[in-house]
Amino acid sequence: MATLGGKEVEVNDEGYLVNPDDWDKAVAGDLAKEMNIELTDKHWAVIDYLRAQHDEGVEMTIRKVGKSGVVDIKGFYELFPGGPLKNASKIAGLSRPTSCV
Amino acid sequence: MKEQKRIVILGAGTAGTLMANKLAKKARKNNWQISVVDQHDRHYYQPGFLFYPFGRYKESDIVHSRRKYMPKRVTYIQQPIATVEAEKNKVNLANGEKLDYDLLIIATGSQIAPEETTGLKGEQWHKSIFDFYTFEGSSKLREKLKEFKKGTLVVNIVEMPIKCPVAPLEFSFLADDYFKKCGLREQINIKYVTPLSGAFTKPKAASSLGYLLKEKNIEIIADFGVEHVDDQAKKLVSYDEKEVKYDLLVTIPTNKGDSLMERSGLGDELNFVPTDHHTLQSKAHENIFVIGDATDVPASKAGSVAHFQADTLMENIRRYFEGRPLEASFDGHANCFVESGAGKGLLLDFNYEVEPLEGKFPFPLIGPLKLLRESRLNHFGKLAFRWIYWHLLMRGWPMPGIPSNMSMSGKQK
């Protein structure tokens, strides 16, 4: 359990939300703060895009984000430093992007 | 007598060849007319590309004729394909001929696309920058490794998904082994540079296998997304402006599906075909099915996956022709031997839902193979697999003891 957005929510070992329904903007803000990210409109555009794609059942990749018109890959790295897809997915309340073993 | 149905298979690699053989065994009874199209006659045993740079295997071990693996009942057409006109159920060949089909199977695989990254395919391509996902790259790297005596070897994955996702790690392990045997390991740094958050990202595999890189003194640089390669200064530059210098770069470039998909409007942004994860039917056309690396399903791009998909596909081809609902039976099952160097190997068995776990395989308690643990037997399993590939898999026979759906028996949660 962790306290995010003023409530107790369940997170896994890596800090991703266990129940997608727990997500709201305040939770996102606190998840971002843990990564030293202050959310701006540009961040929100990416988060909204990732959540919309997730609802349509699309597997996300950095390349797809780069081609979305929302942000280019370089900009994506600037907004969510380190591992942009991983970090942005966490803030958006989604599960960790799939990868192999 | 059933009404005749025309089945066209595009691609005669691992997936296309084994489907052709499976279908041919049932062709007479079902009155199927089967054609297979591929532009080349060279069928590569692709797992061999991993060993070839280190002086193992000869060309004839890993290259056979595609035609040789085509059953008599199948018409093999060696021609490039111009386009697929899915609305008209028609394939246009480069020589102007047309093939009409009732059901199309896309098995055109995936290829490397080094041109996607600035600096990879310049004048240093196959001089200080090599791939090992093609026979040409693997052969040239074999020559290069003979003269590489000191410096930094960087193994880099540009982006996911890639064919055989563990091959870059295996390459690093084998390189460690190779340079040790040459007495050069002290003079050579090996760095593994990946866009993922680690060499292994699934929890059980990460905790069981994390020691391997440390033990072999391979430096891992994670979360590195290559923006471009400076082939003059010999360095990788990331999107967030980190740099890694190399003397010898072994790259796993972006992987893409066949450009035929782009020409025919059948692919996604990487030319992979949007495919139902469980039935293998293409999402856009109900009489097009997709198998192997050509799909966009989130399973590993590996020969074992194509083999496990084939049973689902056989069943669904029958159901499609009979107008029955399709069976959603493919579970993402993958099974791979991983070379860990020094004559040892690992075995991984997993699917869409279940990560690689420890245990025994294929029989609970008995094994004889150990999952997620290094052993000599797993290494021999990997070597024996070449025989199994050419003699059983490509002929469309089942693998003894290994079901298509993943089994939890023998695994420890």
# chains A, B, ... in the order shown; residues from 1 in each chain; ligands from 1

call {"tool": "select_by_dssp", "arguments": {"residues": "region 26-173 of chain B", "states": "alpha helix (DSSP H)", "output": "JSON, numbers by chain"}}
result
{"B": [27, 28, 29, 30, 48, 49, 50, 51, 59, 60, 61, 62, 135, 136, 137, 138, 139, 140, 141, 142, 143, 144, 145, 146, 147, 167, 168, 169, 170, 171, 172, 173]}

call {"tool": "select_by_dssp", "arguments": {"residues": "region 31-236 of chain B", "states": "strand (DSSP E)", "output": "MDAnalysis selection string"}}
result
chainID B and resid 32:38 42:44 63:65 74:78 81:85 90:93 98:100 103:106 110:112 129:130 151:157 188:193 218:221 226:230 235:236

call {"tool": "write_last_selection", "arguments": {"atoms": "C-alpha atoms", "output": "PDB file, in the first residue's frame"}}
result
ATOM      1  CA  TRP B  32      -7.007 -28.215 -50.575  1.00  0.00           C
ATOM      2  CA  GLN B  33      -4.819 -26.820 -53.324  1.00  0.00           C
ATOM      3  CA  ILE B  34      -1.728 -25.335 -51.665  1.00  0.00           C
ATOM      4  CA  SER B  35       0.765 -22.847 -53.092  1.00  0.00           C
ATOM      5  CA  VAL B  36       3.790 -21.336 -51.370  1.00  0.00           C
ATOM      6  CA  VAL B  37       5.548 -18.214 -52.617  1.00  0.00           C
ATOM      7  CA  ASP B  38       9.050 -17.084 -51.639  1.00  0.00           C
ATOM      8  CA  ARG B  42      18.023 -20.285 -49.323  1.00  0.00           C
ATOM      9  CA  HIS B  43      16.390 -21.447 -46.087  1.00  0.00           C
ATOM     10  CA  TYR B  44      18.501 -20.442 -43.093  1.00  0.00           C
ATOM     11  CA  VAL B  63      21.665 -23.179 -45.125  1.00  0.00           C
ATOM     12  CA  HIS B  64      19.454 -25.622 -47.014  1.00  0.00           C
ATOM     13  CA  SER B  65      17.250 -25.334 -50.088  1.00  0.00           C
ATOM     14  CA  VAL B  74       2.508 -28.183 -52.686  1.00  0.00           C
ATOM     15  CA  THR B  75       3.226 -25.862 -55.607  1.00  0.00           C
ATOM     16  CA  TYR B  76       6.344 -23.856 -54.803  1.00  0.00           C
ATOM     17  CA  ILE B  77       6.656 -20.570 -56.660  1.00  0.00           C
ATOM     18  CA  GLN B  78       9.988 -18.809 -56.435  1.00  0.00           C
ATOM     19  CA  ILE B  81       5.611 -10.675 -54.483  1.00  0.00           C
ATOM     20  CA  ALA B  82       4.443  -7.311 -55.756  1.00  0.00           C
ATOM     21  CA  THR B  83       1.281  -6.785 -53.703  1.00  0.00           C
ATOM     22  CA  VAL B  84      -1.610  -8.487 -51.979  1.00  0.00           C
ATOM     23  CA  GLU B  85      -5.032  -7.204 -53.036  1.00  0.00           C
ATOM     24  CA  LYS B  90      -5.522 -11.977 -54.993  1.00  0.00           C
ATOM     25  CA  VAL B  91      -1.705 -12.004 -54.804  1.00  0.00           C
ATOM     26  CA  ASN B  92       0.194 -10.195 -57.561  1.00  0.00           C
ATOM     27  CA  LEU B  93       3.632 -11.621 -58.280  1.00  0.00           C
ATOM     28  CA  LYS B  98      -1.711 -13.505 -60.266  1.00  0.00           C
ATOM     29  CA  LEU B  99      -2.704 -16.034 -57.624  1.00  0.00           C
ATOM     30  CA  ASP B 100      -6.316 -16.195 -56.447  1.00  0.00           C
ATOM     31  CA  LEU B 103      -7.489 -18.360 -47.702  1.00  0.00           C
ATOM     32  CA  LEU B 104      -4.166 -16.554 -47.343  1.00  0.00           C
ATOM     33  CA  ILE B 105      -1.475 -17.341 -44.765  1.00  0.00           C
ATOM     34  CA  ILE B 106       1.070 -14.594 -44.192  1.00  0.00           C
ATOM     35  CA  SER B 110      10.700 -10.028 -39.826  1.00  0.00           C
ATOM     36  CA  GLN B 111      13.952  -8.499 -41.017  1.00  0.00           C
ATOM     37  CA  ILE B 112      16.489  -6.050 -39.653  1.00  0.00           C
ATOM     38  CA  ILE B 129      29.531  -2.162 -37.223  1.00  0.00           C
ATOM     39  CA  PHE B 130      28.017  -5.621 -37.680  1.00  0.00           C
ATOM     40  CA  GLY B 151      39.206  -2.640 -27.230  1.00  0.00           C
ATOM     41  CA  THR B 152      35.512  -2.320 -26.409  1.00  0.00           C
ATOM     42  CA  LEU B 153      32.873  -4.598 -27.879  1.00  0.00           C
ATOM     43  CA  VAL B 154      29.402  -3.101 -27.570  1.00  0.00           C
ATOM     44  CA  VAL B 155      26.308  -5.237 -28.115  1.00  0.00           C
ATOM     45  CA  ASN B 156      23.323  -2.933 -28.638  1.00  0.00           C
ATOM     46  CA  ILE B 157      19.593  -3.461 -29.110  1.00  0.00           C
ATOM     47  CA  ILE B 188      38.540  -6.586 -24.266  1.00  0.00           C
ATOM     48  CA  ASN B 189      35.634  -4.845 -22.532  1.00  0.00           C
ATOM     49  CA  ILE B 190      32.161  -6.144 -23.267  1.00  0.00           C
ATOM     50  CA  LYS B 191      29.228  -3.767 -22.818  1.00  0.00           C
ATOM     51  CA  TYR B 192      25.579  -4.655 -23.221  1.00  0.00           C
ATOM     52  CA  VAL B 193      23.492  -1.608 -24.091  1.00  0.00           C
ATOM     53  CA  ILE B 218      29.833  -7.789 -18.847  1.00  0.00           C
ATOM     54  CA  GLU B 219      28.878  -4.201 -18.141  1.00  0.00           C
ATOM     55  CA  ILE B 220      25.189  -3.459 -18.587  1.00  0.00           C
ATOM     56  CA  ILE B 221      23.942  -0.048 -19.664  1.00  0.00           C
ATOM     57  CA  VAL B 226      19.872   5.053 -29.405  1.00  0.00           C
ATOM     58  CA  GLU B 227      19.105   8.246 -31.304  1.00  0.00           C
ATOM     59  CA  HIS B 228      22.028   7.946 -33.723  1.00  0.00           C
ATOM     60  CA  VAL B 229      25.404   6.311 -34.195  1.00  0.00           C
ATOM     61  CA  ASP B 230      28.449   8.468 -34.856  1.00  0.00           C
ATOM     62  CA  LYS B 235      30.000   6.093 -30.374  1.00  0.00           C
ATOM     63  CA  LEU B 236      26.311   5.527 -29.691  1.00  0.00           C
TER      64      LEU B 236
END

call {"tool": "interface_residues", "arguments": {"of": "chain A", "to": "chain B", "cutoff": "12 Å", "atoms": "only C-alpha atoms", "output": "JSON, numbers by chain"}}
result
{"A": [12, 13, 14, 57, 58, 59, 60, 61, 62, 63, 64, 65, 66, 67, 68, 72, 73, 74, 75, 76, 77, 78, 79, 80, 81, 82, 83, 84, 85, 86, 87, 96, 97, 98, 99, 100, 101]}

call {"tool": "closest_residue", "arguments": {"among": "B:Pro368, B:Pro80, B:Phe330, B:Val305", "to": "Ser259 (chain B)", "atoms": "only C-alpha atoms"}}
result
B:Pro80

call {"tool": "residues_around", "arguments": {"residues": "Asn287 (chain B)", "least_positions_apart": "4", "cutoff": "10 Å", "atoms": "only C-alpha atoms", "output": "ChimeraX atom specification"}}
result
/B:7,86,89,101-105,281-282,317,320-321

call {"tool": "atom_distance", "arguments": {"atom1": "CA of Ile47 (chain A)", "atom2": "CA of Met1 (chain A)"}}
result
23.0 Å

call {"tool": "atom_distance", "arguments": {"atom1": "CA of Lys382 (chain B)", "atom2": "CA of Lys344 (chain B)"}}
result
9.6 Å

call {"tool": "residues_around", "arguments": {"residues": "Ala26 (chain A)", "least_positions_apart": "2", "cutoff": "9 Å", "atoms": "only C-alpha atoms", "output": "VMD selection string"}}
result
chain A and resid 4 to 6 23 to 24 28 to 31

call {"tool": "write_last_selection", "arguments": {"atoms": "N, CA and C atoms", "output": "short mmCIF file (atom, residue, chain, number, x, y, z; two decimals), in the first residue's frame"}}
result
data_model
loop_
_atom_site.label_atom_id
_atom_site.label_comp_id
_atom_site.auth_asym_id
_atom_site.auth_seq_id
_atom_site.Cartn_x
_atom_site.Cartn_y
_atom_site.Cartn_z
N LEU A 4 -1.19 7.86 -2.02
CA LEU A 4 -1.06 8.65 -3.24
C LEU A 4 -2.34 9.45 -3.46
N GLY A 5 -2.21 10.73 -3.77
CA GLY A 5 -3.39 11.56 -4.01
C GLY A 5 -4.31 11.60 -2.80
N GLY A 6 -3.72 11.51 -1.61
CA GLY A 6 -4.49 11.63 -0.38
C GLY A 6 -5.29 10.40 -0.01
N TRP A 23 -6.82 5.14 -10.06
CA TRP A 23 -6.13 6.25 -10.68
C TRP A 23 -7.00 7.51 -10.77
N ASP A 24 -6.44 8.64 -10.41
CA ASP A 24 -7.03 9.94 -10.74
C ASP A 24 -5.88 10.93 -10.89
N ALA A 28 -1.81 10.58 -10.07
CA ALA A 28 -0.80 10.78 -11.12
C ALA A 28 0.23 11.81 -10.66
N GLY A 29 -0.26 12.90 -10.08
CA GLY A 29 0.64 13.96 -9.63
C GLY A 29 1.63 13.44 -8.59
N ASP A 30 1.15 12.61 -7.66
CA ASP A 30 2.04 12.07 -6.63
C ASP A 30 3.02 11.04 -7.19
N LEU A 31 2.53 10.21 -8.13
CA LEU A 31 3.44 9.24 -8.77
C LEU A 31 4.56 9.98 -9.49
#

call {"tool": "closest_residue", "arguments": {"among": "B:Gln39, B:Asp258, B:Arg6, B:His278", "to": "Asn95 (chain B)", "atoms": "only C-alpha atoms"}}
result
B:Gln39

call {"tool": "residues_around", "arguments": {"residues": "Leu23 (chain B)", "least_positions_apart": "4", "cutoff": "8 Å", "atoms": "only C-alpha atoms", "output": "MDAnalysis selection string"}}
result
chainID B and resid 19 27 34 314

call {"tool": "closest_residue", "arguments": {"among": "B:Phe337, B:Ile288, B:Ala113, B:Gly11", "to": "Ala167 (chain B)", "atoms": "only C-alpha atoms"}}
result
B:Phe337

call {"tool": "residues_around", "arguments": {"residues": "Ala2 (chain A)", "least_positions_apart": "4", "cutoff": "10 Å", "atoms": "only C-alpha atoms", "output": "list in words"}}
result
Gly6, Lys7, Glu8, Val9, Glu10, Val11, Asn12, Gly15 and Leu17 of chain A
